[in-house]
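> Supplied structure: entry_20.txt, compact mmCIF, C-alpha atoms and all ligand atoms.
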# COMPACT_ATOMS: atom_id res chain seq x y z
CA MET Q 23 -135.58 -45.28 -82.17
CA ARG Q 24 -137.69 -42.75 -80.30
CA ILE Q 25 -136.23 -41.88 -76.95
CA LEU Q 26 -136.95 -39.40 -74.17
CA ILE Q 27 -134.28 -38.22 -71.77
CA VAL Q 28 -135.46 -37.26 -68.30
CA GLY Q 29 -133.42 -36.07 -65.33
CA PRO Q 30 -132.92 -33.06 -63.07
CA PRO Q 31 -131.30 -29.89 -64.42
CA GLY Q 32 -127.56 -30.53 -64.28
CA ALA Q 33 -127.80 -34.29 -64.80
CA GLY Q 34 -125.94 -33.90 -68.09
CA LYS Q 35 -128.93 -34.52 -70.35
CA GLY Q 36 -127.81 -32.07 -73.04
CA THR Q 37 -124.24 -33.41 -73.21
CA GLN Q 38 -125.35 -37.03 -73.24
CA ALA Q 39 -128.20 -36.40 -75.67
CA ALA Q 40 -125.76 -34.91 -78.21
CA LEU Q 41 -123.38 -37.90 -77.90
CA LEU Q 42 -126.12 -40.53 -77.89
CA SER Q 43 -128.03 -39.07 -80.84
CA ALA Q 44 -124.82 -39.01 -82.92
CA GLU Q 45 -124.06 -42.61 -81.94
CA LEU Q 46 -127.61 -43.79 -82.69
CA GLY Q 47 -128.04 -41.71 -85.85
CA VAL Q 48 -131.21 -39.92 -84.73
CA ALA Q 49 -132.03 -36.21 -84.34
CA HIS Q 50 -131.42 -34.51 -81.01
CA ILE Q 51 -134.36 -32.25 -80.17
CA SER Q 52 -133.83 -30.04 -77.10
CA THR Q 53 -136.59 -27.61 -76.13
CA GLY Q 54 -134.12 -25.64 -73.95
CA GLU Q 55 -131.80 -25.19 -76.96
CA LEU Q 56 -134.68 -24.29 -79.27
CA PHE Q 57 -135.80 -21.64 -76.78
CA ARG Q 58 -132.27 -20.27 -76.29
CA ALA Q 59 -131.80 -20.02 -80.07
CA HIS Q 60 -135.02 -17.98 -80.30
CA VAL Q 61 -133.85 -15.71 -77.45
CA ASP Q 62 -130.43 -15.21 -79.13
CA ARG Q 63 -131.94 -14.18 -82.44
CA ARG Q 64 -134.59 -12.06 -80.69
CA SER Q 65 -137.48 -13.67 -82.54
CA GLU Q 66 -141.02 -12.93 -81.44
CA LEU Q 67 -141.13 -16.26 -79.61
CA GLY Q 68 -137.72 -15.49 -78.06
CA GLN Q 69 -138.98 -12.21 -76.63
CA LYS Q 70 -142.00 -14.00 -75.20
CA VAL Q 71 -140.03 -16.76 -73.45
CA LYS Q 72 -136.92 -14.92 -72.19
CA GLN Q 73 -138.46 -13.94 -68.85
CA TYR Q 74 -139.33 -17.60 -68.13
CA LEU Q 75 -135.87 -18.89 -68.99
CA ASP Q 76 -134.22 -16.19 -66.87
CA ALA Q 77 -136.43 -17.08 -63.89
CA GLY Q 78 -136.04 -20.85 -64.34
CA ALA Q 79 -139.83 -21.07 -64.75
CA LEU Q 80 -141.65 -23.32 -67.20
CA VAL Q 81 -142.58 -21.63 -70.46
CA PRO Q 82 -146.42 -21.75 -70.76
CA ASP Q 83 -147.72 -24.93 -72.37
CA GLU Q 84 -149.41 -23.28 -75.34
CA VAL Q 85 -146.06 -21.81 -76.44
CA THR Q 86 -144.00 -24.94 -75.71
CA ASN Q 87 -146.46 -27.43 -77.20
CA ALA Q 88 -146.85 -25.38 -80.39
CA MET Q 89 -143.07 -25.19 -80.83
CA VAL Q 90 -142.71 -28.96 -80.32
CA ALA Q 91 -145.60 -29.76 -82.65
CA GLN Q 92 -143.90 -27.70 -85.35
CA ARG Q 93 -140.55 -29.41 -84.76
CA LEU Q 94 -142.00 -32.96 -84.91
CA THR Q 95 -142.26 -33.06 -88.69
CA ASP Q 96 -144.21 -35.72 -90.59
CA ASP Q 97 -141.15 -37.96 -91.05
CA VAL Q 98 -140.11 -37.81 -87.41
CA CYS Q 99 -141.49 -41.27 -86.57
CA ARG Q 100 -139.53 -42.94 -89.35
CA ALA Q 101 -136.33 -40.96 -88.73
CA GLY Q 102 -136.35 -41.41 -84.96
CA PHE Q 103 -135.31 -38.83 -82.37
CA LEU Q 104 -134.00 -38.23 -78.95
CA LEU Q 105 -136.11 -35.67 -77.11
CA ASP Q 106 -134.41 -33.73 -74.32
CA GLY Q 107 -136.32 -31.33 -72.05
CA PHE Q 108 -139.80 -32.24 -73.26
CA PRO Q 109 -142.13 -33.37 -71.84
CA ARG Q 110 -141.53 -31.72 -68.48
CA THR Q 111 -145.03 -32.26 -67.07
CA VAL Q 112 -147.62 -35.02 -67.29
CA GLY Q 113 -149.82 -32.61 -69.29
CA GLN Q 114 -147.03 -32.20 -71.86
CA ALA Q 115 -146.55 -35.98 -71.95
CA GLU Q 116 -150.20 -36.41 -72.87
CA VAL Q 117 -149.83 -33.86 -75.66
CA LEU Q 118 -146.76 -35.72 -76.92
CA GLU Q 119 -148.56 -39.07 -76.88
CA ASN Q 120 -151.29 -37.55 -79.07
CA LEU Q 121 -148.83 -35.88 -81.45
CA LEU Q 122 -147.00 -39.17 -81.99
CA ARG Q 123 -150.16 -41.24 -82.23
CA ALA Q 124 -151.33 -38.92 -85.03
CA ARG Q 125 -148.07 -39.76 -86.82
CA ASP Q 126 -148.47 -43.50 -86.09
CA CYS Q 127 -145.70 -44.07 -83.58
CA GLU Q 128 -144.86 -43.77 -79.91
CA ILE Q 129 -141.92 -43.34 -77.54
CA ASP Q 130 -139.94 -46.61 -77.21
CA THR Q 131 -137.78 -45.83 -74.22
CA VAL Q 132 -137.53 -43.22 -71.49
CA LEU Q 133 -133.98 -42.84 -70.26
CA GLU Q 134 -133.74 -41.40 -66.77
CA PHE Q 135 -130.44 -39.89 -65.62
CA ASP Q 136 -130.22 -40.36 -61.89
CA VAL Q 137 -127.91 -38.02 -59.94
CA PRO Q 138 -127.99 -36.86 -56.30
CA GLU Q 139 -129.23 -33.26 -55.99
CA ASP Q 140 -126.11 -31.84 -54.27
CA GLN Q 141 -124.03 -33.00 -57.25
CA VAL Q 142 -126.26 -31.42 -59.86
CA VAL Q 143 -126.27 -28.07 -58.06
CA ALA Q 144 -122.46 -28.10 -57.93
CA ARG Q 145 -122.27 -28.91 -61.66
CA LEU Q 146 -124.66 -26.12 -62.63
CA LEU Q 147 -122.84 -23.53 -60.53
CA ALA Q 148 -119.62 -24.57 -62.27
CA ARG Q 149 -121.27 -24.37 -65.75
CA GLY Q 150 -122.44 -20.78 -65.22
CA ARG Q 151 -125.05 -20.40 -68.00
CA GLY Q 152 -127.24 -17.24 -67.66
CA ASP Q 153 -129.91 -19.17 -65.73
CA ASP Q 154 -127.39 -20.96 -63.49
CA THR Q 155 -127.49 -18.66 -60.45
CA GLU Q 156 -128.15 -20.30 -57.11
CA ASP Q 157 -131.76 -19.11 -56.63
CA VAL Q 158 -132.78 -19.97 -60.19
CA ILE Q 159 -131.09 -23.38 -59.92
CA ARG Q 160 -132.97 -24.11 -56.71
CA HIS Q 161 -136.25 -23.13 -58.35
CA ARG Q 162 -135.57 -25.40 -61.36
CA GLN Q 163 -134.77 -28.31 -59.05
CA GLN Q 164 -138.01 -27.78 -57.17
CA LEU Q 165 -139.97 -27.67 -60.42
CA TYR Q 166 -138.27 -30.89 -61.48
CA ARG Q 167 -139.33 -32.66 -58.29
CA GLN Q 168 -142.90 -31.35 -58.42
CA GLU Q 169 -143.73 -31.26 -62.12
CA THR Q 170 -141.33 -33.53 -63.97
CA ALA Q 171 -140.59 -36.43 -61.60
CA PRO Q 172 -144.23 -37.68 -61.92
CA LEU Q 173 -143.32 -38.58 -65.52
CA LEU Q 174 -141.29 -41.47 -64.12
CA SER Q 175 -144.52 -43.21 -63.06
CA PHE Q 176 -146.36 -42.08 -66.20
CA TYR Q 177 -143.72 -43.88 -68.29
CA ALA Q 178 -143.00 -46.68 -65.78
CA GLU Q 179 -143.27 -49.45 -68.37
CA ARG Q 180 -140.82 -47.81 -70.76
CA LEU Q 181 -138.41 -46.48 -68.13
CA VAL Q 182 -134.69 -47.28 -68.01
CA THR Q 183 -132.71 -45.64 -65.20
CA VAL Q 184 -129.03 -44.92 -65.67
CA PRO Q 185 -126.82 -43.74 -62.80
CA ALA Q 186 -125.37 -40.50 -64.20
CA VAL Q 187 -122.46 -40.13 -61.78
CA GLY Q 188 -119.00 -40.62 -63.29
CA SER Q 189 -117.17 -39.31 -66.34
CA VAL Q 190 -119.02 -38.26 -69.52
CA PRO Q 191 -117.83 -41.32 -71.53
CA GLU Q 192 -118.70 -43.66 -68.65
CA VAL Q 193 -122.25 -42.36 -68.53
CA THR Q 194 -122.58 -42.52 -72.35
CA ALA Q 195 -121.41 -46.14 -72.35
CA ARG Q 196 -123.84 -47.01 -69.57
CA ALA Q 197 -126.75 -45.36 -71.43
CA LEU Q 198 -125.91 -47.10 -74.73
CA HIS Q 199 -125.64 -50.43 -72.98
CA ALA Q 200 -129.01 -49.88 -71.29
CA LEU Q 201 -130.64 -48.93 -74.61
CA ARG Q 202 -129.13 -51.85 -76.53
CA THR Q 203 -129.94 -54.51 -73.98
CA ARG Q 204 -133.50 -53.25 -73.84
CA ALA Q 205 -134.04 -53.07 -77.59
P1 LIG Q 301 -132.02 -27.56 -67.67
O1 LIG Q 301 -132.21 -29.04 -67.90
O2 LIG Q 301 -130.66 -27.23 -67.14
O3 LIG Q 301 -133.12 -26.93 -66.88
P2 LIG Q 301 -132.95 -26.87 -70.39
O4 LIG Q 301 -132.07 -26.36 -71.48
O5 LIG Q 301 -133.59 -28.20 -70.57
O6 LIG Q 301 -132.04 -26.81 -69.08
O7 LIG Q 301 -134.13 -25.80 -70.12
C1 LIG Q 301 -133.86 -24.42 -69.89
C2 LIG Q 301 -135.17 -23.64 -69.67
O8 LIG Q 301 -136.00 -23.72 -70.87
C3 LIG Q 301 -136.08 -24.15 -68.55
O9 LIG Q 301 -135.68 -23.67 -67.28
C4 LIG Q 301 -137.45 -23.58 -69.01
O10 LIG Q 301 -137.54 -22.18 -68.72
C5 LIG Q 301 -137.39 -23.74 -70.52
N1 LIG Q 301 -137.98 -25.05 -70.96
C6 LIG Q 301 -137.29 -26.06 -71.57
N2 LIG Q 301 -138.11 -27.10 -71.86
C7 LIG Q 301 -139.35 -26.74 -71.42
C8 LIG Q 301 -140.63 -27.39 -71.41
N3 LIG Q 301 -140.79 -28.64 -71.89
N4 LIG Q 301 -141.69 -26.72 -70.87
C9 LIG Q 301 -141.54 -25.48 -70.39
N5 LIG Q 301 -140.37 -24.82 -70.35
C10 LIG Q 301 -139.27 -25.42 -70.85
Let me see the file written as structure tokens.

Amino acid sequence: MRILIVGPPGAGKGTQAALLSAELGVAHISTGELFRAHVDRRSELGQKVKQYLDAGALVPDEVTNAMVAQRLTDDVCRAGFLLDGFPRTVGQAEVLENLLRARDCEIDTVLEFDVPEDQVVARLLARGRGDDTEDVIRHRQQLYRQETAPLLSFYAERLVTVPAVGSVPEVTARALHALRTRA
């Protein structure tokens, strides 16, 4: 299974992606986590991207695409994966299509987590990660609407929308049901 998770910051993508990937037996690949791990170990890439993460801005495509290309190893099509946080723009989606085509596969399903914006802002303020201050949150929401939401039409034929309001296990159950009834 090759799945993308799309939804606004604070929709619970990371939490759900970890639970769903364990349940489905596929790798969870999160670009946000990959970037944060680089920042924590102060790698060269980490030093390059820290300013973007802190500002809630998109990391430039050449950096992001290269990191993803490296992470999508040759066996990734066979093993399956759940990709969380990439693509975030239509340009990145086109790069991903080409990367997968070169490995002879494609994305099966795009899982959208749908949550009203006032709820996601409240959740992020409560979470309190370094980039969860009010201004930075607002900027990330705006980027989501402008840059990432167009992916929903790009992937219209593979899109499954899951209401992401409710408890964590409720949302997981809903997502699994949506994936299984579609497969
Ligand atoms: P959230 O969904 O709460 O925004 P993520 O962990 O997905 O959190 O992303 C955190 C930050 O990592 C983003 O604000 C951005 O700076 C960077 N980032 C993650 N994925 C991408 C991507 N595909 N393209 C550019 N920047 C990215």
> Please identify all polymer residues within 8 Å of Phe103 (chain Q), counting only C-alpha atoms, omitting same-chain residues fewer than 3 positions from it, and present them as a VMD selection string.
chain Q and resid 23 to 25 43 48 to 51 98 to 99
> Name the closest residue to ligand LIG 301 (chain Q) among the candidates Q:Arg167, Q:Arg58, Q:His199, Q:Arg100; distances are taken between atoms, counting all atoms listed in the file.
Q:Arg58
> Just to confirm, what's the straight-line distance from CA of Ala101 (chain Q) to CA of Ser52 (chain Q) in Å (one decimal)?
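Between CA of Ala101 (chain Q) and CA of Ser52 (chain Q) the gap is 16.1 Å.
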> What residues have an atom no more than 8 Å from (-147.4, -38.5, -86.7) in the file's own frame, counting only C-alpha atoms, and can you write them as a list of chain:residue names?
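All residues meeting the 8 Å criterion around (-147.4, -38.5, -86.7) are Q:Leu94, Q:Thr95, Q:Asp96, Q:Asp97, Q:Val98, Q:Cys99, Q:Leu121, Q:Leu122, Q:Arg123, Q:Ala124, Q:Arg125, Q:Asp126, Q:Cys127.
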> May I ask which of the residues Q:Ile129, Q:Val158, Q:Leu42, Q:Leu173 is the closest one to ligand LIG 301 (chain Q), counting only C-alpha atoms and all ligand atoms?
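Result for the nearest residue to ligand LIG 301 (chain Q): Q:Val158.
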> Got a sec: who's within 8 Å of region 76-84 of chain Q, counting only C-alpha atoms, leaving out chain neighbours fewer than 4 positions off, as number ranges by chain?
Q: 71-72, 88, 114, 152-153, 158-159, 161-162, 165
> Smallest atom-to-atom distance to ligand LIG 301 (chain Q): which of Q:Leu46, Q:Leu118, Q:Val187, Q:Leu201, using all atoms listed in the file?
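Smallest distance to ligand LIG 301 (chain Q) is found for Q:Leu118.
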> Taking only C-alpha atoms and all ligand atoms into account, which residues have an atom no farther than 6 Å from ligand LIG 301 (chain Q)? I'd like them as number ranges by chain.
Q: 31-32, 53-55, 74-75, 78-81, 86, 107-110
> Can you work out which one of Q:Arg196, Q:Arg93, Q:Val143, Q:Arg204 has the shortest atom-to-atom distance to Thr155 (chain Q), counting all atoms listed in the file?
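Of Q:Arg196, Q:Arg93, Q:Val143, Q:Arg204, the one nearest Thr155 (chain Q), counting all atoms listed in the file, is Q:Val143.
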> For each of Q:Gly113, Q:Asp106, Q:Ala148, Q:Asn87, take the minimum atom-to-atom distance to Thr37 (chain Q), counting all atoms listed in the file, then give the residue where this is smallest.
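Among the listed residues, the smallest separation from Thr37 (chain Q) belongs to Q:Asp106.
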> Have a look at CA of Arg160 (chain Q) and CA of Pro185 (chain Q) and let me know their distance in Å, one decimal.
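Calculated distance between CA of Arg160 (chain Q) and CA of Pro185 (chain Q) is 21.5 Å.
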> Considering only C-alpha atoms, return as a count of residues only whatever protein or nucleic-acid residues lie within 10 Å of Leu181 (chain Q), sequence-local ones (same chain, fewer than 3 positions apart) excluded.
15
> In the coordinate frame of the file, compute which residues have an atom within 10 Å of (-122.7, -43.6, -70.0) when using all atoms listed in the file, and state them as a ChimeraX atom specification.
/Q:38,41-42,135,184-200
> Tell me which protein, DNA and RNA residues are within 10 Å of region 62-68 of chain Q, counting only C-alpha atoms, leaving out same-chain ones fewer than 5 positions away, and put them as a PDB file with C-alpha atoms, in the frame of the given file.

ATOM      1  CA  LEU Q  56    -134.680 -24.290 -79.270  1.00  0.00           C
ATOM      2  CA  PHE Q  57    -135.800 -21.640 -76.780  1.00  0.00           C
ATOM      3  CA  GLN Q  73    -138.460 -13.940 -68.850  1.00  0.00           C
ATOM      4  CA  LEU Q  75    -135.870 -18.890 -68.990  1.00  0.00           C
ATOM      5  CA  VAL Q  85    -146.060 -21.810 -76.440  1.00  0.00           C
ATOM      6  CA  THR Q  86    -144.000 -24.940 -75.710  1.00  0.00           C
ATOM      7  CA  MET Q  89    -143.070 -25.190 -80.830  1.00  0.00           C
TER       8      MET Q  89
END
> Measuring between only C-alpha atoms, which one of Q:Val182, Q:Val90, Q:Glu116, Q:Asp157 shows the shortest distance to Asp136 (chain Q)?
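Using only C-alpha atoms, Asp136 (chain Q) sits closest to Q:Val182.
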> CA of Arg180 (chain Q) and CA of Glu45 (chain Q) are how many Å apart?
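Between these atoms lies a distance of 20.8 Å.
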